[in-house]
Structure formats: structure tokens, C-alpha cells
4 protein chains.
Amino acid sequence: MSTIEEMLRTYPKDLGDIDQATLTDCIAACLECSQACTACADACLSEDMVAELTKCIRTNLDCADLCATTANVLSRHTGYDANITRATLEACRTACAACADECERHAEMHEHCRVCAEACRRCEQACAELLGSL
Amino acid sequence: MSTIEEMLRTYPKDLGDIDQATLTDCIAACLECSQACTACADACLSEDMVAELTKCIRTNLDCADLCATTANVLSRHTGYDANITRATLEACRTACAACADECERHAEMHEHCRVCAEACRRCEQACAELLGSL
Amino acid sequence: MSTIEEMLRTYPKDLGDIDQATLTDCIAACLECSQACTACADACLSEDMVAELTKCIRTNLDCADLCATTANVLSRHTGYDANITRATLEACRTACAACADECERHAEMHEHCRVCAEACRRCEQACAELLGSL
Amino acid sequence: MSTIEEMLRTYPKDLGDIDQATLTDCIAACLECSQACTACADACLSEDMVAELTKCIRTNLDCADLCATTANVLSRHTGYDANITRATLEACRTACAACADECERHAEMHEHCRVCAEACRRCEQACAELLGSL
């Protein structure tokens with residue numbers, strides 16, 4: 001069992017009727033995507049053609065910040081407010097979709113963009129599934 | 001002139017037709033609100049009646065994270081993506097409104113909740129104004 | 001191969017003589033610990049005896065912030081500055097040690113503190129190993 | 001009175017013998033520097049000579065993350081742990097000094113680097129003063 005699952009399992013109060021597997025997957029996808037976007041922005045910075053990757057870097061940075069914040073919001077259950085969770089997931093899904101689109105444009109030329117685009121798509125999908133289950 | 005304004009003024013490319021004063025105010029309001037929410041969560045932790053403030057603490061923590069991320073997104077202009085900016089501002093406005101509501105419930109008893117609620121209302125309003133101008 | 005490893009493998013320039021397995025483990029440990037601390041602070045908030053867990057919650061919040069920042073710093077390789085990396089790892093190790101100590105005090109009574117303490121110890125150790133290899 | 005000061009004044013328990021003006025200044029300097037570094041990284045991205053600014057961008061990103069985390073740690077007073085505060089301030093001071101050095105190299109050519117370098121120096125100094133007073 002992952003630490004994310006263990007922390008969810010040991011939460012002392014009722015988690016309501018949220019699907020715990022969907023929630024766990026979404027937290028894991030947010031953490032993975034945040035790290036991949038931080039690393040992809042840095043890898044783009046080290047490319048000789050960095051001047052053609054500036055939109056990719058910027059979108060990576062926004063996506064990294066939003067995924068990190070979303071992982072935090074989803075890791076809290078006390079005093080749950082569905083409006084905050086929904087709006088946060090929408091923002092995260094939007095950033096992941098935009099970052100996947102942007103990275104895919106460079107995926108054939110830059111392997112880090114390919115790996116990052118895949119992490120963004122997984123996170124976009126995980127946010128959509130969690131939103132659908134709320 | 002504040003550093004936020006100076007950084008905006010020295011951005012080397014065209015900022016488009018965004019209202020720079022509205023943008024500056026929103027970044028400042030996000031930073032103020034993020035700090036106030038972090039401090040309010042901590043002040044609530046030190047109240048003897050902390051057990052009655054757990055929803056307030058949790059909402060403070062979400063609001064602090066979202067305001068910090070929103071300040072970051074708004075401080076970037078390269079490769080602008082209106083969808084990301086809008087969804088981020090919506091999430092921030094939602095969290096600020098919820099946190100202001102929650103803190104106002106304790107504002108008469110706890111001065112830190114009163115101060116924090118005012119920062120949340122300012123940030124909620126600043127996000128709404130920036131959203132309206134985009 | 002994990003996404004962390006793939007992002008490291010696809011970095012376009014020379015990574016220097018850093019031990020890539022040690023670096024990968026440390027980034028993974030920071031992400032795991034940051035999430036566990038965020039979740040443990042929230043789980044403590046939902047305990048009936050929250051008033052006795054306020055130091056644990058505060059230390060969790062500091063540790064979560066430092067681990068997230070450390071994961072970011074370690075995910076960047078361009079323009080490497082050993083002083084920043086070292087000082088960041090020292091701060092992270094210090095917070096993880098303090099948070100592990102604090103959570104261990106409640107580990108028999110609260111399972112989330114036990115799980116979180118283990119994540120903190122892993123991260124403390126991973127930071128120490130990476131510091132030793134720099 | 002700033003919101004930072006008001007939140008400090010309304011903290012419900014004893015703050016110990018910390019110098020509140022020095023603490024307030026340091027939190028404000030961290031928030032200012034974090035925003036300036038985020039904006040400077042983005043302004044560098046939009047320079048035609050971005051390829052010569054990659055170390056500046058990377059150092060800006062590290063400094064922004066560390067300043068934001070330091071502002072959070074300094075905004076908490078419950079269950080104070082001097083070791084965490086000291087190590088965090090050391091890391092922040094190190095990053096601010098490195099980022100100021102780097103930005104100063106480009107200050108004559110890029111005004112955003114000049115403004116950012118000044119914010120970094122103020123924050124480096126504020127961290128040093130707070131460290132000296134602990």
C-alpha cells in the first residue's frame with residue numbers, strides 16, 4: 001500500500017462517500033505531474049533551442065504550481081468544502097490539458113516533453129474522473 | 001512604486017491590453033491573503049477552543065495555497081493562456097469567499113479571524129475585478 | 001522506471017557526477033513526506049484530542065512546505081549552485097527529523113502519526129545520503 | 001499597520017522574546033522577493049537573449065520557492081522549533097545571496113534583473129538580521 005493510501009486509511013473520521021481509489025490516484029497523479037513539469041521546465045532551459053520553448057516553460061511552471069496545490073487540497077478532508085475542491089480540480093485539469101498540448105508539440109524532438117506530456121495527460125484524466133465522482 | 005509594479009513595468013515584451021493596475025492589485029491581494037491565512041491557521045491552533053476552529057484552519061490552509069499559486073500564475077506573462085488564468089482566478093475567488101465566510105463566523109471572538117476575513121474579502125474582490133477585465 | 005527517473009534520464013545536458021539513484025530516491029522521499037505531512041496535519045485536526053496535537057500540526061505544516069520546496073530544487077539541474085542545494089537539504093533534513101520526533105510521540109495512539117513518522121525518517125535519511133554524496 | 005503586523009499582534013499566545021518588527025520585516029521581504037523572483041524568471045524568458053539567462057532563471061525559481069516557504073514558516077508561532085526556523089532562514093539567505101549575485105550581473109542590461117536583485121538583497125539582509133536576533 002502506498003503512503004497516500006495509508007494516510008487515507010488512517011484518517012480518523014468518516015471520509016463520506018468519496019471513492020478512495022479515485023482520490024488516491026488523483027493525489028498521486030498530481031504529485032507526479034508537478035515534479036515532471038518542474039523538471040521539464042528545467043530541461044527546456046538547458047536545450048540549445050530554449051528560445052523556442054519559452055511558452056512550454058511557462059506552462060510547465062503554472063502546471064507545477066497548480067498540481068502541487070491540488071495535491072494539498074485533496075489531502076485534506078476536515079471541514080470539506082465541495083466548491084473549493086471542484087474549482088481547484090477544474091483549474092488543475094485546465095492547466096494539465098494546456099501543458100500536455102504544449103509538450104506534445106515538442107515530444108518528438110525532446111524526450112522530456114514526451115514524458116512530461118504523458119504525466120500531464122494522466123493528471124488531466126485523474127482530475128476529470130475525480131470531478132465526475134464528486 | 002511597489003516592487004510588483006516595477007516588475008510589471010520592466011517586463012520586456014508587450015503585456016497585451018490587460019489593466020496593469022487591476023493586475024498589480026490582485027497580485028498584492030493574493031500575497032496578503034496567503035500570508036494572513038497561514039497566520040490565521042496558526043493563531044487558531046493556539047486558541048484554547050481549537051476544537052471548534054478546525055474547519056476554519058482547514059479552509060485557511062486551502063486558501064493560503066490557492067492564493068500563493070494564483071500570485072505566481074499572475075506574475076507570469078510569457079506564453080499567456082487565458083484559460084489557465086481564468087480557472088486559477090475562479091478557484092482563488094471560491095476559496096477566498098469560503099474562507100471569509102468561515103472567518104467571519106469567529107470574527108467577534110477572535111481578532112485574527114476578523115483581520116483574515118478582511119484580507120480574504122479584498123482578495124475575493126480583486127480576483128472578481130481581474131476576471132471581469134480579462 | 002518512475003517518472004522521476006525518466007525525467008532525470010532525459011535531461012539534455014551533463015548532470016555532473018551526482019549519484020542519480022540517490023537523487024531520484026531523495027526527490028521521491030520529499031514528495032512522499034510532503035504529502036504525508038499535509039495529510040497528517042489534517043488527520044490531527046480531526047482527532048477529538050486536537051488540542052494536544054497542535055505542535056504536531058505546526059511541525060507537519062513546516063515539514064510539508066520544506067519537502068515540497070526541496071523536491072523542486074532537486075528537480076532542477078541547470079545552473080547548479082551547490083550552496084543552495086546543500087542549505088535546502090539541511091533545512092529539509094532538520095524539519096524531517098523534528099517532525100519524525102514529534103509524530104513518534106503520538107504513533108502508538110494515532111496511526112496516521114506512525115505512518116507520517118516513517119515517511120519523515122525516510123526523507124531525513126534520503127537528505128542525509130544525498131548531502132553525503134555531494 | 002500592515003496585515004502582517006496585525007496578524008502578529010492578534011496572535012493569541014505569547015510570542016516569546018522575538019523582535020516583532022524584525023520578524024514582520026523579514027516576512028514582508030520574503031513575500032516581496034518571492035514575487036520578484038517569479039516575475040524575473042518570466043521576464044528573462046521573454047528576453048531575446050534568453051539563452052544567456054538560463055542560470056538566472058533557475059536561480060530565480062529556487063529563490064522564489066525558498067522565500068515562499070520561509071514566509072510560511074515565519075508566519076507560524078505555535079510549537080516553535082528554533083532549529084527549523086534557523087535552518088530555513090539559512091537556506092533562504094543563501095538563495096537570496098546567490099540570486100542577487102546572478103541578477104546583478106544582468107542589472108545594467110535588464111531592468112527587471114536590477115529590481116529583482118534589490119529585492120533579493122533586502123531579503124538576504126532581513127534573513128541575516130532575524131537570524132542574528134534569534
# chains A, B, ... in the order shown; residues from 1 in each chain; ligands from 1
>>> residues_around(residues="Arg121 (chain B)", least_positions_apart="2", cutoff="8 Å", atoms="only C-alpha atoms", output="list in words")
Cys96, Ala97, Ala100, Ala117, Glu118, Ala119, Cys123, Glu124 and Gln125 of chain B
>>> closest_atom_pairs(of="chain D", to="chain C", cutoff="10 Å", atoms="only C-alpha atoms", output="JSON lines")
{"residue": "D:Leu53", "atom": "CA", "partner": "C:Gly79", "partner_atom": "CA", "distance": 9.7}
{"residue": "D:Thr54", "atom": "CA", "partner": "C:Gly79", "partner_atom": "CA", "distance": 7.0}
{"residue": "D:Lys55", "atom": "CA", "partner": "C:Gly79", "partner_atom": "CA", "distance": 4.4}
{"residue": "D:Cys56", "atom": "CA", "partner": "C:Gly79", "partner_atom": "CA", "distance": 7.8}
{"residue": "D:Ile57", "atom": "CA", "partner": "C:Gly79", "partner_atom": "CA", "distance": 8.8}
{"residue": "D:Arg58", "atom": "CA", "partner": "C:Thr78", "partner_atom": "CA", "distance": 6.5}
{"residue": "D:Thr59", "atom": "CA", "partner": "C:Gly79", "partner_atom": "CA", "distance": 7.4}
{"residue": "D:Leu61", "atom": "CA", "partner": "C:Val73", "partner_atom": "CA", "distance": 8.3}
{"residue": "D:Asp62", "atom": "CA", "partner": "C:Val73", "partner_atom": "CA", "distance": 5.8}
{"residue": "D:Cys63", "atom": "CA", "partner": "C:Ile84", "partner_atom": "CA", "distance": 8.8}
{"residue": "D:Ala64", "atom": "CA", "partner": "C:Thr69", "partner_atom": "CA", "distance": 9.6}
{"residue": "D:Asp65", "atom": "CA", "partner": "C:Thr69", "partner_atom": "CA", "distance": 5.8}
{"residue": "D:Leu66", "atom": "CA", "partner": "C:Thr69", "partner_atom": "CA", "distance": 6.5}
{"residue": "D:Cys67", "atom": "CA", "partner": "C:Thr69", "partner_atom": "CA", "distance": 9.8}
{"residue": "D:Ala68", "atom": "CA", "partner": "C:Asp65", "partner_atom": "CA", "distance": 8.9}
{"residue": "D:Thr69", "atom": "CA", "partner": "C:Asp65", "partner_atom": "CA", "distance": 5.8}
{"residue": "D:Thr70", "atom": "CA", "partner": "C:Leu66", "partner_atom": "CA", "distance": 8.6}
{"residue": "D:Asn72", "atom": "CA", "partner": "C:Asp62", "partner_atom": "CA", "distance": 7.6}
{"residue": "D:Val73", "atom": "CA", "partner": "C:Asp62", "partner_atom": "CA", "distance": 5.8}
{"residue": "D:Leu74", "atom": "CA", "partner": "C:Asp62", "partner_atom": "CA", "distance": 9.5}
{"residue": "D:Arg76", "atom": "CA", "partner": "C:Arg58", "partner_atom": "CA", "distance": 7.4}
{"residue": "D:His77", "atom": "CA", "partner": "C:Arg58", "partner_atom": "CA", "distance": 8.3}
{"residue": "D:Thr78", "atom": "CA", "partner": "C:Lys55", "partner_atom": "CA", "distance": 6.4}
{"residue": "D:Gly79", "atom": "CA", "partner": "C:Lys55", "partner_atom": "CA", "distance": 4.4}
{"residue": "D:Tyr80", "atom": "CA", "partner": "C:Lys55", "partner_atom": "CA", "distance": 7.8}
{"residue": "D:Asp81", "atom": "CA", "partner": "C:Ala98", "partner_atom": "CA", "distance": 8.1}
{"residue": "D:Asn83", "atom": "CA", "partner": "C:Thr94", "partner_atom": "CA", "distance": 6.9}
{"residue": "D:Ile84", "atom": "CA", "partner": "C:Ala95", "partner_atom": "CA", "distance": 5.6}
{"residue": "D:Thr85", "atom": "CA", "partner": "C:Ala91", "partner_atom": "CA", "distance": 8.6}
{"residue": "D:Arg86", "atom": "CA", "partner": "C:Ala91", "partner_atom": "CA", "distance": 8.3}
{"residue": "D:Ala87", "atom": "CA", "partner": "C:Ala91", "partner_atom": "CA", "distance": 4.7}
{"residue": "D:Thr88", "atom": "CA", "partner": "C:Ala91", "partner_atom": "CA", "distance": 5.3}
{"residue": "D:Leu89", "atom": "CA", "partner": "C:Ala91", "partner_atom": "CA", "distance": 8.6}
{"residue": "D:Glu90", "atom": "CA", "partner": "C:Ala87", "partner_atom": "CA", "distance": 6.7}
{"residue": "D:Ala91", "atom": "CA", "partner": "C:Ala87", "partner_atom": "CA", "distance": 4.7}
{"residue": "D:Cys92", "atom": "CA", "partner": "C:Thr88", "partner_atom": "CA", "distance": 8.2}
{"residue": "D:Arg93", "atom": "CA", "partner": "C:Ile84", "partner_atom": "CA", "distance": 9.3}
{"residue": "D:Thr94", "atom": "CA", "partner": "C:Ile84", "partner_atom": "CA", "distance": 6.0}
{"residue": "D:Ala95", "atom": "CA", "partner": "C:Ile84", "partner_atom": "CA", "distance": 5.6}
{"residue": "D:Cys96", "atom": "CA", "partner": "C:Ile84", "partner_atom": "CA", "distance": 9.3}
{"residue": "D:Ala97", "atom": "CA", "partner": "C:Ile84", "partner_atom": "CA", "distance": 9.6}
{"residue": "D:Ala98", "atom": "CA", "partner": "C:Ile84", "partner_atom": "CA", "distance": 7.9}
{"residue": "D:Cys99", "atom": "CA", "partner": "C:Ile84", "partner_atom": "CA", "distance": 9.9}
>>> write_last_selection(atoms="N, CA and C atoms", output="short mmCIF file (atom, residue, chain, number, x, y, z; two decimals), in the first residue's frame")
data_model
loop_
_atom_site.label_atom_id
_atom_site.label_comp_id
_atom_site.auth_asym_id
_atom_site.auth_seq_id
_atom_site.Cartn_x
_atom_site.Cartn_y
_atom_site.Cartn_z
N LEU D 53 20.47 33.64 -20.17
CA LEU D 53 19.87 33.94 -18.86
C LEU D 53 19.36 32.69 -18.15
N THR D 54 19.77 31.52 -18.60
CA THR D 54 19.19 30.30 -18.04
C THR D 54 19.60 30.07 -16.59
N LYS D 55 20.84 30.42 -16.24
CA LYS D 55 21.23 30.28 -14.84
C LYS D 55 20.46 31.27 -13.97
N CYS D 56 20.20 32.46 -14.50
CA CYS D 56 19.43 33.46 -13.76
C CYS D 56 18.00 32.95 -13.51
N ILE D 57 17.39 32.37 -14.54
CA ILE D 57 16.02 31.85 -14.40
C ILE D 57 15.97 30.74 -13.36
N ARG D 58 16.92 29.82 -13.42
CA ARG D 58 16.92 28.71 -12.49
C ARG D 58 17.11 29.20 -11.04
N THR D 59 18.03 30.14 -10.86
CA THR D 59 18.26 30.65 -9.51
C THR D 59 17.05 31.43 -9.01
N LEU D 61 13.98 30.71 -9.73
CA LEU D 61 12.95 29.74 -9.35
C LEU D 61 13.23 29.13 -7.98
N ASP D 62 14.49 28.78 -7.73
CA ASP D 62 14.84 28.27 -6.40
C ASP D 62 14.57 29.32 -5.33
N CYS D 63 14.97 30.56 -5.60
CA CYS D 63 14.82 31.63 -4.62
C CYS D 63 13.34 31.90 -4.34
N ALA D 64 12.53 31.89 -5.40
CA ALA D 64 11.08 32.11 -5.22
C ALA D 64 10.48 31.04 -4.31
N ASP D 65 10.84 29.77 -4.54
CA ASP D 65 10.30 28.68 -3.72
C ASP D 65 10.76 28.82 -2.26
N LEU D 66 12.04 29.10 -2.06
CA LEU D 66 12.56 29.18 -0.69
C LEU D 66 11.99 30.37 0.06
N CYS D 67 11.84 31.52 -0.61
CA CYS D 67 11.25 32.69 0.05
C CYS D 67 9.80 32.44 0.44
N ALA D 68 9.04 31.77 -0.43
CA ALA D 68 7.64 31.49 -0.12
C ALA D 68 7.53 30.56 1.09
N THR D 69 8.36 29.52 1.10
CA THR D 69 8.36 28.59 2.24
C THR D 69 8.81 29.30 3.52
N THR D 70 9.80 30.16 3.42
CA THR D 70 10.28 30.88 4.61
C THR D 70 9.21 31.81 5.16
N ASN D 72 6.08 31.30 5.03
CA ASN D 72 5.13 30.42 5.72
C ASN D 72 5.65 30.01 7.10
N VAL D 73 6.89 29.54 7.15
CA VAL D 73 7.47 29.08 8.42
C VAL D 73 7.47 30.23 9.44
N LEU D 74 7.83 31.44 8.99
CA LEU D 74 7.90 32.60 9.90
C LEU D 74 6.52 33.10 10.32
N ARG D 76 4.19 31.17 11.34
CA ARG D 76 3.68 30.23 12.36
C ARG D 76 4.47 30.41 13.66
N HIS D 77 3.75 30.36 14.79
CA HIS D 77 4.41 30.56 16.08
C HIS D 77 4.10 29.44 17.07
N THR D 78 3.05 28.69 16.79
CA THR D 78 2.64 27.59 17.66
C THR D 78 3.69 26.47 17.60
N GLY D 79 4.07 25.96 18.78
CA GLY D 79 5.01 24.84 18.82
C GLY D 79 6.32 25.17 18.14
N TYR D 80 6.82 26.36 18.41
CA TYR D 80 8.04 26.89 17.79
C TYR D 80 9.23 25.95 17.96
N ASP D 81 9.96 25.72 16.88
CA ASP D 81 11.18 24.90 16.90
C ASP D 81 12.30 25.75 16.29
N ASN D 83 15.34 25.21 15.65
CA ASN D 83 16.21 24.57 14.65
C ASN D 83 15.62 24.69 13.24
N ILE D 84 14.32 24.47 13.13
CA ILE D 84 13.69 24.57 11.81
C ILE D 84 13.75 26.01 11.31
N THR D 85 13.41 26.95 12.17
CA THR D 85 13.43 28.37 11.76
C THR D 85 14.83 28.77 11.31
N ARG D 86 15.83 28.39 12.08
CA ARG D 86 17.21 28.78 11.73
C ARG D 86 17.66 28.17 10.41
N ALA D 87 17.41 26.88 10.23
CA ALA D 87 17.86 26.22 9.00
C ALA D 87 17.12 26.76 7.78
N THR D 88 15.84 27.09 7.98
CA THR D 88 15.07 27.66 6.87
C THR D 88 15.60 29.04 6.50
N LEU D 89 15.86 29.86 7.51
CA LEU D 89 16.42 31.20 7.25
C LEU D 89 17.79 31.10 6.58
N GLU D 90 18.61 30.15 6.99
CA GLU D 90 19.93 29.98 6.36
C GLU D 90 19.78 29.63 4.88
N ALA D 91 18.86 28.73 4.58
CA ALA D 91 18.64 28.34 3.18
C ALA D 91 18.13 29.52 2.37
N CYS D 92 17.22 30.29 2.96
CA CYS D 92 16.65 31.45 2.26
C CYS D 92 17.74 32.49 2.02
N ARG D 93 18.53 32.76 3.04
CA ARG D 93 19.61 33.74 2.89
C ARG D 93 20.60 33.31 1.81
N THR D 94 20.92 32.04 1.78
CA THR D 94 21.84 31.52 0.77
C THR D 94 21.29 31.71 -0.64
N ALA D 95 20.03 31.38 -0.81
CA ALA D 95 19.40 31.52 -2.15
C ALA D 95 19.30 32.99 -2.55
N CYS D 96 18.94 33.86 -1.60
CA CYS D 96 18.82 35.29 -1.92
C CYS D 96 20.18 35.87 -2.31
N ALA D 97 21.24 35.47 -1.61
CA ALA D 97 22.57 35.99 -1.94
C ALA D 97 22.98 35.52 -3.34
N ALA D 98 22.74 34.24 -3.63
CA ALA D 98 23.11 33.70 -4.95
C ALA D 98 22.30 34.36 -6.06
N CYS D 99 21.02 34.59 -5.80
CA CYS D 99 20.14 35.17 -6.82
C CYS D 99 20.48 36.65 -7.03
#
>>> closest_residue(among="C:Ser133, C:Asn60, C:Thr3, C:Thr24", to="Asp101 (chain C)", atoms="only C-alpha atoms")
C:Asn60
>>> select_by_dssp(residues="chain D", states="helix (DSSP H, G or I)", output="PyMOL selection string")
chain D and resi 3-9+20-45+50-52+54-74+82-105+111-133
>>> atom_distance(atom1="CA of Cys26 (chain C)", atom2="CA of Ala71 (chain D)")
24.1 Å
>>> atom_distance(atom1="CA of Glu111 (chain B)", atom2="CA of Ala28 (chain B)")
22.1 Å
>>> closest_residue(among="D:Glu104, D:Met1, D:Tyr11, D:Glu129", to="Thr38 (chain B)", atoms="only C-alpha atoms")
D:Tyr11
>>> decode(residues="region 43-79 of chain A", atoms="C-alpha atoms", output="short mmCIF file (atom, residue, chain, number, x, y, z; two decimals), in the first residue's frame")
data_model
loop_
_atom_site.label_atom_id
_atom_site.label_comp_id
_atom_site.auth_asym_id
_atom_site.auth_seq_id
_atom_site.Cartn_x
_atom_site.Cartn_y
_atom_site.Cartn_z
CA ALA A 43 15.23 20.54 -19.09
CA CYS A 44 13.80 23.01 -21.63
CA LEU A 45 16.05 25.70 -20.10
CA SER A 46 19.05 23.53 -20.96
CA GLU A 47 18.09 22.96 -24.58
CA ASP A 48 20.10 24.90 -27.19
CA MET A 49 16.80 25.97 -28.72
CA VAL A 50 15.44 27.32 -25.41
CA ALA A 51 14.18 30.44 -27.21
CA GLU A 52 11.57 28.26 -28.97
CA LEU A 53 10.47 26.63 -25.70
CA THR A 54 9.51 29.64 -23.61
CA LYS A 55 5.77 29.01 -23.79
CA CYS A 56 6.42 25.40 -22.80
CA ILE A 57 8.49 26.50 -19.79
CA ARG A 58 5.86 28.98 -18.63
CA THR A 59 3.03 26.48 -18.96
CA ASN A 60 5.13 23.90 -17.11
CA LEU A 61 5.60 26.33 -14.22
CA ASP A 62 1.88 27.12 -13.94
CA CYS A 63 1.00 23.43 -14.14
CA ALA A 64 3.59 22.51 -11.49
CA ASP A 65 2.17 25.09 -9.06
CA LEU A 66 -1.46 24.08 -9.67
CA CYS A 67 -0.74 20.34 -9.34
CA ALA A 68 1.12 20.87 -6.06
CA THR A 69 -1.73 22.95 -4.64
CA THR A 70 -4.31 20.42 -5.84
CA ALA A 71 -2.42 17.57 -4.15
CA ASN A 72 -2.54 19.58 -0.92
CA VAL A 73 -6.25 20.40 -1.16
CA LEU A 74 -7.09 16.74 -1.93
CA SER A 75 -5.01 15.56 1.05
CA ARG A 76 -7.29 17.44 3.46
CA HIS A 77 -10.70 16.08 4.50
CA THR A 78 -11.58 18.04 7.64
CA GLY A 79 -14.28 20.70 7.07
#
